[in-house]
>>> print(open('run.cif').read())   # mmCIF, C-alpha atoms
data_entry
#
loop_
_atom_site.label_atom_id
_atom_site.label_comp_id
_atom_site.auth_asym_id
_atom_site.auth_seq_id
_atom_site.Cartn_x
_atom_site.Cartn_y
_atom_site.Cartn_z
CA MET Z 1 109.72 96.92 129.32
CA ARG Z 2 106.48 98.83 128.80
CA VAL Z 3 104.75 98.87 125.42
CA GLY Z 4 101.99 101.24 124.42
CA SER Z 5 100.23 102.34 121.25
CA PHE Z 6 100.84 105.56 119.34
CA VAL Z 7 97.49 106.82 118.06
CA LEU Z 8 97.42 109.31 115.18
CA ALA Z 9 93.76 109.03 114.15
CA ALA Z 10 95.15 108.99 110.62
CA GLN Z 11 92.73 109.65 107.76
CA PHE Z 12 93.63 107.29 104.93
CA PRO Z 13 92.54 108.02 101.34
CA GLY Z 14 88.83 107.34 100.86
CA GLN Z 15 88.05 107.54 104.58
CA GLY Z 16 86.07 110.13 106.49
CA GLN Z 17 87.35 111.97 109.53
CA GLY Z 18 84.79 110.30 111.77
CA GLU Z 19 85.99 106.89 110.61
CA ALA Z 20 89.57 107.80 111.52
CA LEU Z 21 88.55 109.01 114.97
CA HIS Z 22 86.40 105.94 115.62
CA ARG Z 23 89.34 103.69 114.75
CA ALA Z 24 91.54 105.69 117.13
CA VAL Z 25 89.12 105.35 120.03
CA ARG Z 26 88.48 101.69 119.39
CA SER Z 27 92.20 100.92 119.14
CA VAL Z 28 92.74 102.27 122.67
CA GLU Z 29 89.84 100.27 124.07
CA VAL Z 30 91.33 97.13 122.52
CA ALA Z 31 94.80 98.11 123.77
CA GLU Z 32 93.52 98.04 127.33
CA GLU Z 33 91.88 94.64 126.76
CA ALA Z 34 95.11 93.33 125.22
CA GLY Z 35 97.26 94.37 128.18
CA LEU Z 36 99.21 97.25 126.65
CA ASP Z 37 100.70 99.67 129.14
CA MET Z 38 99.70 102.98 127.57
CA ALA Z 39 98.16 104.86 124.67
CA TRP Z 40 99.88 107.99 123.34
CA LEU Z 41 97.64 110.39 121.39
CA ALA Z 42 98.91 112.67 118.63
CA GLU Z 43 97.61 116.17 117.88
CA HIS Z 44 97.40 117.90 114.50
CA HIS Z 45 95.48 120.80 112.99
CA PHE Z 46 93.91 121.20 109.55
CA VAL Z 47 95.50 118.09 107.98
CA PRO Z 48 94.37 114.48 107.35
CA TYR Z 49 97.76 113.23 108.61
CA GLY Z 50 96.02 113.14 111.99
CA THR Z 51 92.41 114.16 112.64
CA CYS Z 52 92.66 114.78 116.40
CA PRO Z 53 93.09 118.55 117.02
CA SER Z 54 93.21 118.22 120.82
CA ALA Z 55 95.08 115.27 122.30
CA VAL Z 56 94.15 116.30 125.84
CA THR Z 57 90.43 116.28 124.95
CA LEU Z 58 90.64 112.82 123.39
CA ALA Z 59 92.64 111.68 126.43
CA ALA Z 60 89.77 112.79 128.67
CA LEU Z 61 87.31 110.68 126.68
CA LEU Z 62 89.56 107.62 126.75
CA LEU Z 63 90.39 107.91 130.44
CA GLY Z 64 86.65 107.82 131.05
CA ARG Z 65 86.21 104.74 128.86
CA THR Z 66 89.08 102.76 130.38
CA ARG Z 67 90.04 101.62 133.86
CA ARG Z 68 93.67 100.50 133.80
CA ILE Z 69 95.66 101.76 130.83
CA ARG Z 70 97.61 105.03 131.04
CA VAL Z 71 96.73 107.68 128.46
CA GLY Z 72 99.04 110.46 127.34
CA THR Z 73 99.49 113.14 124.71
CA ALA Z 74 102.17 112.78 122.04
CA VAL Z 75 102.17 115.65 121.89
CA SER Z 76 100.26 118.69 123.00
CA VAL Z 77 101.80 121.55 120.98
CA LEU Z 78 102.84 124.25 123.44
CA PRO Z 79 103.34 127.24 121.08
CA THR Z 80 99.65 127.20 120.10
CA VAL Z 81 98.14 126.91 123.60
CA HIS Z 82 98.44 128.88 126.85
CA PRO Z 83 100.60 126.84 129.25
CA VAL Z 84 98.28 127.58 132.17
CA ALA Z 85 95.22 126.39 130.25
CA LEU Z 86 97.03 123.18 129.34
CA GLY Z 87 98.30 122.83 132.90
CA GLU Z 88 94.77 123.12 134.28
CA GLN Z 89 93.54 120.43 131.89
CA ALA Z 90 96.46 118.15 132.70
CA ALA Z 91 95.93 118.59 136.43
CA LEU Z 92 92.22 117.87 136.05
CA LEU Z 93 92.89 114.62 134.19
CA HIS Z 94 95.63 113.61 136.62
CA VAL Z 95 93.37 114.08 139.64
CA THR Z 96 90.20 112.57 138.22
CA SER Z 97 91.93 109.53 136.66
CA GLY Z 98 93.88 108.62 139.77
CA GLY Z 99 97.20 109.46 138.14
CA ARG Z 100 96.73 107.64 134.80
CA PHE Z 101 97.47 110.67 132.61
CA SER Z 102 100.83 111.63 131.07
CA LEU Z 103 101.43 114.95 129.34
CA GLY Z 104 103.71 114.90 126.33
CA VAL Z 105 104.58 118.34 124.96
CA GLY Z 106 106.47 119.57 121.94
CA ARG Z 107 107.38 122.61 119.88
CA GLY Z 108 105.45 121.52 116.81
CA GLY Z 109 106.40 123.00 113.43
CA PRO Z 110 106.31 126.32 111.57
CA TRP Z 111 102.79 125.61 110.38
CA VAL Z 112 99.83 127.87 109.66
CA ASP Z 113 98.51 126.83 113.09
CA LEU Z 114 100.66 129.64 114.51
CA GLU Z 115 98.73 132.15 112.41
CA VAL Z 116 95.29 130.71 113.12
CA PHE Z 117 95.77 130.65 116.89
CA GLY Z 118 97.53 134.03 116.99
CA ALA Z 119 100.77 132.68 118.45
CA GLY Z 120 103.06 133.91 115.70
CA LEU Z 121 106.35 132.50 114.47
CA ALA Z 122 108.23 133.78 117.53
CA ALA Z 123 106.29 131.37 119.74
CA TYR Z 124 107.71 128.50 117.69
CA GLU Z 125 111.22 129.84 117.21
CA ARG Z 126 111.94 131.30 120.67
CA GLY Z 127 108.99 130.82 123.03
CA PHE Z 128 109.08 127.10 123.85
CA PRO Z 129 111.40 127.29 126.91
CA GLU Z 130 109.27 129.96 128.58
CA SER Z 131 106.08 128.01 127.89
CA LEU Z 132 107.57 124.79 129.23
CA ASP Z 133 108.85 126.40 132.42
CA LEU Z 134 105.49 128.07 133.10
CA LEU Z 135 103.71 124.76 132.51
CA MET Z 136 106.03 122.92 134.90
CA SER Z 137 105.56 125.58 137.59
CA TRP Z 138 101.81 125.18 137.26
CA LEU Z 139 102.03 121.42 137.67
CA ARG Z 140 104.36 121.52 140.69
CA GLU Z 141 103.62 124.71 142.69
CA PRO Z 142 100.60 125.81 144.80
CA SER Z 143 100.47 129.22 143.09
CA VAL Z 144 102.10 130.73 140.02
CA ALA Z 145 102.84 134.15 138.54
CA GLY Z 146 103.79 134.86 134.95
CA THR Z 147 107.13 136.67 134.77
CA GLY Z 148 108.26 136.01 131.19
CA ASP Z 149 108.32 137.99 127.96
CA ARG Z 150 105.23 136.31 126.53
CA TYR Z 151 103.25 135.49 129.66
CA ALA Z 152 103.06 138.09 132.43
CA PHE Z 153 100.33 137.94 135.07
CA ARG Z 154 99.82 138.35 138.82
CA GLU Z 155 100.16 135.36 141.12
CA VAL Z 156 97.13 133.06 141.11
CA PRO Z 157 96.37 129.80 142.94
CA VAL Z 158 96.59 126.46 141.13
CA VAL Z 159 93.16 124.78 141.07
CA PRO Z 160 92.92 121.83 141.05
CA ARG Z 161 96.26 121.04 142.65
CA PRO Z 162 97.85 118.00 140.93
CA SER Z 163 99.00 116.78 144.34
CA GLU Z 164 95.35 116.15 145.26
CA ALA Z 165 95.27 113.02 143.09
CA LEU Z 166 94.98 109.61 144.71
CA SER Z 167 98.42 108.77 143.37
CA ASP Z 168 102.01 108.68 144.60
CA ALA Z 169 103.08 111.08 141.85
CA PRO Z 170 103.18 114.80 142.73
CA GLY Z 171 101.61 115.59 139.38
CA PRO Z 172 101.22 114.22 135.87
CA GLU Z 173 104.30 112.88 134.16
CA VAL Z 174 105.66 115.33 131.58
CA VAL Z 175 107.57 114.10 128.53
CA VAL Z 176 109.22 116.33 125.91
CA ALA Z 177 109.37 115.48 122.20
CA CYS Z 178 113.01 115.88 121.14
CA THR Z 179 114.30 116.12 117.58
CA SER Z 180 117.49 118.18 117.99
CA PRO Z 181 120.37 118.76 120.43
CA ALA Z 182 118.65 121.98 121.54
CA SER Z 183 115.46 120.18 122.56
CA VAL Z 184 117.51 117.41 124.23
CA ARG Z 185 119.26 120.09 126.30
CA LEU Z 186 115.93 121.68 127.22
CA ALA Z 187 114.56 118.37 128.49
CA ALA Z 188 117.77 117.28 130.20
CA GLU Z 189 118.27 120.49 132.17
CA ARG Z 190 114.75 120.12 133.56
CA GLY Z 191 115.10 116.41 134.21
CA LEU Z 192 112.24 115.55 131.85
CA PRO Z 193 112.24 112.31 129.81
CA MET Z 194 112.26 112.43 126.02
CA LEU Z 195 109.88 111.16 123.37
CA LEU Z 196 111.92 110.20 120.30
CA GLY Z 197 110.27 110.00 116.90
CA ILE Z 198 109.46 107.16 114.54
CA HIS Z 199 111.82 108.46 111.84
CA VAL Z 200 114.87 107.95 114.09
CA GLY Z 201 116.79 104.65 114.25
CA ASP Z 202 118.45 102.98 117.21
CA GLU Z 203 121.87 104.54 116.71
CA GLU Z 204 120.57 108.10 116.70
CA LYS Z 205 118.26 107.42 119.63
CA ALA Z 206 121.16 105.99 121.62
CA GLU Z 207 123.19 109.12 120.88
CA MET Z 208 120.34 111.35 122.06
CA VAL Z 209 119.97 109.38 125.29
CA THR Z 210 123.72 109.66 125.91
CA LEU Z 211 123.61 113.41 125.26
CA TRP Z 212 120.59 113.79 127.57
CA ARG Z 213 122.44 112.04 130.37
CA GLN Z 214 125.54 114.18 129.91
CA LEU Z 215 123.54 117.41 129.89
CA ALA Z 216 121.37 116.36 132.83
CA ARG Z 217 124.50 115.54 134.85
CA ALA Z 218 126.04 118.90 133.95
CA ALA Z 219 122.83 120.64 135.06
CA GLY Z 220 123.12 119.05 138.50
CA ARG Z 221 120.45 116.40 138.13
CA SER Z 222 120.83 113.50 140.56
CA ALA Z 223 122.05 110.07 139.53
CA GLU Z 224 118.65 108.69 140.53
CA GLU Z 225 116.87 111.12 138.19
CA ILE Z 226 119.24 110.40 135.33
CA HIS Z 227 119.11 106.63 135.51
CA GLY Z 228 115.40 106.57 136.28
CA ALA Z 229 114.35 108.75 133.34
CA ALA Z 230 111.75 106.78 131.37
CA HIS Z 231 112.38 107.92 127.80
CA VAL Z 232 109.92 106.79 125.12
CA SER Z 233 110.75 105.42 121.68
CA ALA Z 234 108.07 105.91 119.03
CA GLY Z 235 107.84 103.32 116.29
CA VAL Z 236 105.59 101.33 113.97
CA CYS Z 237 104.30 97.82 114.64
CA GLN Z 238 102.58 95.49 112.22
CA ILE Z 239 102.31 91.77 113.01
CA ALA Z 240 101.70 88.93 110.55
CA ASP Z 241 102.60 85.27 110.22
CA ARG Z 242 105.16 86.23 107.56
CA ARG Z 243 107.23 89.39 107.49
CA ALA Z 244 106.40 89.90 103.82
CA ASP Z 245 102.70 90.07 104.68
CA ALA Z 246 103.25 92.65 107.42
CA VAL Z 247 105.36 94.82 105.11
CA GLU Z 248 102.81 94.47 102.32
CA ALA Z 249 99.98 95.66 104.58
CA LEU Z 250 101.88 98.86 105.36
CA VAL Z 251 103.26 99.47 101.87
CA LYS Z 252 99.74 99.23 100.44
CA ALA Z 253 98.23 101.75 102.83
CA MET Z 254 100.79 104.10 104.34
CA PRO Z 255 102.22 105.87 101.28
CA GLY Z 256 98.79 107.16 100.25
CA TRP Z 257 98.11 108.42 103.75
CA LEU Z 258 101.57 109.97 104.06
CA LYS Z 259 101.33 111.78 100.72
CA GLN Z 260 97.86 113.09 101.42
CA GLY Z 261 98.68 114.05 105.00
CA LEU Z 262 102.12 115.56 104.59
CA ASP Z 263 101.20 117.49 101.43
CA ALA Z 264 98.45 119.22 103.39
CA HIS Z 265 100.86 120.94 105.80
CA VAL Z 266 101.14 124.69 105.10
CA THR Z 267 103.94 126.80 106.58
CA VAL Z 268 103.09 130.03 108.35
CA ASP Z 269 105.70 132.04 106.41
CA ASP Z 270 105.61 130.20 103.08
CA ARG Z 271 109.09 128.79 103.64
CA GLU Z 272 110.10 125.96 101.32
CA ARG Z 273 109.85 122.53 102.86
CA ARG Z 274 111.24 119.21 101.71
CA MET Z 275 108.90 116.26 102.02
CA ARG Z 276 109.94 112.63 102.23
CA ASP Z 277 109.08 110.24 99.43
CA PRO Z 278 106.05 108.37 100.90
CA LEU Z 279 106.99 104.91 99.62
CA ALA Z 280 110.65 105.21 100.60
CA TYR Z 281 109.64 106.51 104.03
CA THR Z 282 107.25 103.58 104.56
CA GLU Z 283 109.99 101.13 103.60
CA LEU Z 284 112.39 102.87 105.98
CA LEU Z 285 109.91 102.54 108.85
CA CYS Z 286 109.40 98.85 108.08
CA GLY Z 287 113.14 98.36 108.37
CA LEU Z 288 113.56 100.31 111.60
CA HIS Z 289 110.68 98.95 113.63
CA PRO Z 290 108.88 95.74 114.71
CA VAL Z 291 107.18 94.84 111.43
CA GLY Z 292 106.90 91.12 110.81
CA THR Z 293 106.31 87.92 112.75
CA PRO Z 294 105.71 88.00 116.51
CA ARG Z 295 109.21 86.59 117.08
CA LEU Z 296 110.77 89.29 114.92
CA CYS Z 297 108.82 91.95 116.80
CA VAL Z 298 110.01 90.61 120.15
CA ASP Z 299 113.61 90.57 118.97
CA ARG Z 300 113.41 94.04 117.40
CA LEU Z 301 111.96 95.66 120.54
CA ALA Z 302 114.47 93.90 122.78
CA ALA Z 303 117.34 94.97 120.54
CA THR Z 304 116.21 98.59 120.49
CA SER Z 305 115.91 98.61 124.25
CA GLU Z 306 119.39 97.12 124.66
CA ARG Z 307 121.00 99.50 122.16
CA THR Z 308 119.36 102.68 123.39
CA GLY Z 309 118.63 102.08 127.07
CA ILE Z 310 114.98 102.94 126.40
CA SER Z 311 112.38 100.68 127.98
CA ARG Z 312 109.13 102.38 126.90
CA PHE Z 313 107.64 102.18 123.43
CA ALA Z 314 104.82 103.99 121.64
CA LEU Z 315 103.94 101.92 118.59
CA LEU Z 316 101.80 103.04 115.67
CA VAL Z 317 99.41 100.11 115.20
CA GLU Z 318 96.96 101.62 112.68
CA GLY Z 319 99.30 101.58 109.67
CA SER Z 320 96.99 99.32 107.65
CA GLY Z 321 94.29 101.97 107.80
CA ASP Z 322 91.65 99.32 108.47
CA LEU Z 323 89.72 99.01 111.74
CA ALA Z 324 89.49 95.22 111.82
CA SER Z 325 93.17 94.86 110.91
CA THR Z 326 94.14 97.40 113.56
CA GLU Z 327 92.19 95.55 116.25
CA GLU Z 328 93.82 92.25 115.24
CA ASN Z 329 97.24 93.89 115.24
CA VAL Z 330 96.76 95.21 118.78
CA ARG Z 331 95.45 91.88 120.07
CA ARG Z 332 98.41 90.00 118.58
CA LEU Z 333 100.80 92.53 120.08
CA GLY Z 334 99.27 91.86 123.48
CA ALA Z 335 99.00 88.07 123.18
CA GLU Z 336 102.07 87.11 121.11
CA VAL Z 337 104.69 89.79 121.79
CA LEU Z 338 104.25 91.33 125.25
CA PRO Z 339 104.54 88.03 127.19
CA HIS Z 340 108.05 87.52 125.79
CA LEU Z 341 109.41 90.97 126.64
CA GLY Z 342 109.55 90.77 130.43
#
>>> encode(input="run.cif", output="structure tokens")
Amino acid sequence: MRVGSFVLAAQFPGQGQGEALHRAVRSVEVAEEAGLDMAWLAEHHFVPYGTCPSAVTLAALLLGRTRRIRVGTAVSVLPTVHPVALGEQAALLHVTSGGRFSLGVGRGGPWVDLEVFGAGLAAYERGFPESLDLLMSWLREPSVAGTGDRYAFREVPVVPRPSEALSDAPGPEVVVACTSPASVRLAAERGLPMLLGIHVGDEEKAEMVTLWRQLARAAGRSAEEIHGAAHVSAGVCQIADRRADAVEALVKAMPGWLKQGLDAHVTVDDRERRMRDPLAYTELLCGLHPVGTPRLCVDRLAATSERTGISRFALLVEGSGDLASTEENVRRLGAEVLPHLG
């Protein structure tokens, strides 16, 4: 089992953006010291829900500050970036870090980002498969031409080649954020592992893994690919000597952040959107994920792995909103939980 952190750089009420980013960077440095396997970095635009607008840029900083831990994006939003530009950045980080970089990609949402970056709603609604395929070609082939509806260009060489890394991998790992049967199919047909969100419980995650395997098999993927796919389960982790104290730490801080952050999202076409109740959502997350004593956290992670077949976790550790508390949370995760997971 491999456990990593999920880093949002969340801006809690009363905090500055720099404070949120400093806590994000520091949490990854501590994660390496504590023995965590990986840090997954979120990306958001124009909202305090997450103050990192470029996960790949923050990944570059953190790969330079660390020596062992893997760093990945969760996720880079494909509709608002050119796949070749992202592919070049991913290849650069893969080569220069010795293969410690993972690229998580997703479709994002129908947000005003699409207007600001000139992508348009079509890039969100219909363009993701073309973008993903172009990105994968860039990361696996020596030269690439654009032959799609959105991206058309003459053949050009891939520089730097991901295969030039001092690593056994042919290129950076690519993981796809999946929230629907359509996105599960997209990932499965390409043999790409899934990143499943924090709002989803074990039963639904197990169903998505089963569907992925069925669709991958139907697409002709090998048994080795299917059984070796390292899907990732996102969750929340807060450790305390009593479960009530861990829950209290999150219930005090997360609803204010969630309300402030989620309310700030603006749709590109003014469509109506339904937002979760922040307190109820926080309580739901506390019930779904390892929130409580170290023993409870061990048991909850082991149970999720057994129920879903997922062995990799990306855990939000900054839910208290406090730097010192976040550092302590990460250190306890490394010292009191990881040794019991195998």
>>> residues_around(input="run.cif", residues="Ala302 in chain Z", least_positions_apart="3", cutoff="9 Å", atoms="only C-alpha atoms", output="compact mmCIF listing (two decimals) with C-alpha atoms, keeping the file's coordinate frame")
# COMPACT_ATOMS: atom_id res chain seq x y z
CA MET Z 1 109.72 96.92 129.32
CA CYS Z 297 108.82 91.95 116.80
CA VAL Z 298 110.01 90.61 120.15
CA ASP Z 299 113.61 90.57 118.97
CA SER Z 305 115.91 98.61 124.25
CA GLU Z 306 119.39 97.12 124.66
CA ARG Z 307 121.00 99.50 122.16
CA SER Z 311 112.38 100.68 127.98
CA LEU Z 341 109.41 90.97 126.64
>>> atom_distance(input="run.cif", atom1="CA of Gly319 in chain Z", atom2="CA of Leu250 in chain Z")
5.7 Å
>>> atom_distance(input="run.cif", atom1="CA of Gln238 in chain Z", atom2="CA of Glu328 in chain Z")
9.8 Å
>>> closest_residue(input="run.cif", among="Z:Gly235, Z:Pro142, Z:Gly16, Z:Gly342", to="Gly287 in chain Z", atoms="only C-alpha atoms")
Z:Gly235
>>> closest_residue(input="run.cif", among="Z:Ser131, Z:Ser180, Z:Gln214, Z:Gln11", to="Val77 in chain Z", atoms="all atoms listed in the file")
Z:Ser131
>>> residues_around(input="run.cif", residues="Leu139 in chain Z", least_positions_apart="4", cutoff="7 Å", atoms="all atoms listed in the file", output="NGL selection string")
:Z and (87 or 91 or 135 or 162 or 171)
>>> atom_distance(input="run.cif", atom1="CA of Leu93 in chain Z", atom2="CA of Val56 in chain Z")
8.6 Å
>>> closest_residue(input="run.cif", among="Z:Gly64, Z:Gly309, Z:Pro172, Z:Gly4", to="Leu86 in chain Z", atoms="only C-alpha atoms")
Z:Pro172
>>> resolve_selection(input="run.cif", expression="the PyMOL selection byres ((chain Z and resi 269) around 10)", output="PyMOL selection string")
chain Z and resi 110-112+114-115+120-121+266-268+270-272
>>> resolve_selection(input="run.cif", expression="the PyMOL selection byres ((chain Z and resi 226) around 9)", output="ChimeraX atom specification")
/Z:188,191,212-213,216-217,221-225,227-229
>>> closest_residue(input="run.cif", among="Z:Arg274, Z:Arg242, Z:Lys205, Z:His231", to="Thr304 in chain Z", atoms="all atoms listed in the file")
Z:Lys205
>>> residues_around(input="run.cif", residues="Val25 in chain Z", least_positions_apart="6", cutoff="9 Å", atoms="only C-alpha atoms", output="number ranges by chain")
Z: 7, 9, 58, 61-62
>>> residues_around(input="run.cif", residues="range 38-47 of chain Z", least_positions_apart="3", cutoff="8 Å", atoms="only C-alpha atoms", output="PyMOL selection string")
chain Z and resi 3-9+28+31-32+50-55+58-59+69-77+113+261-262+264-265+314
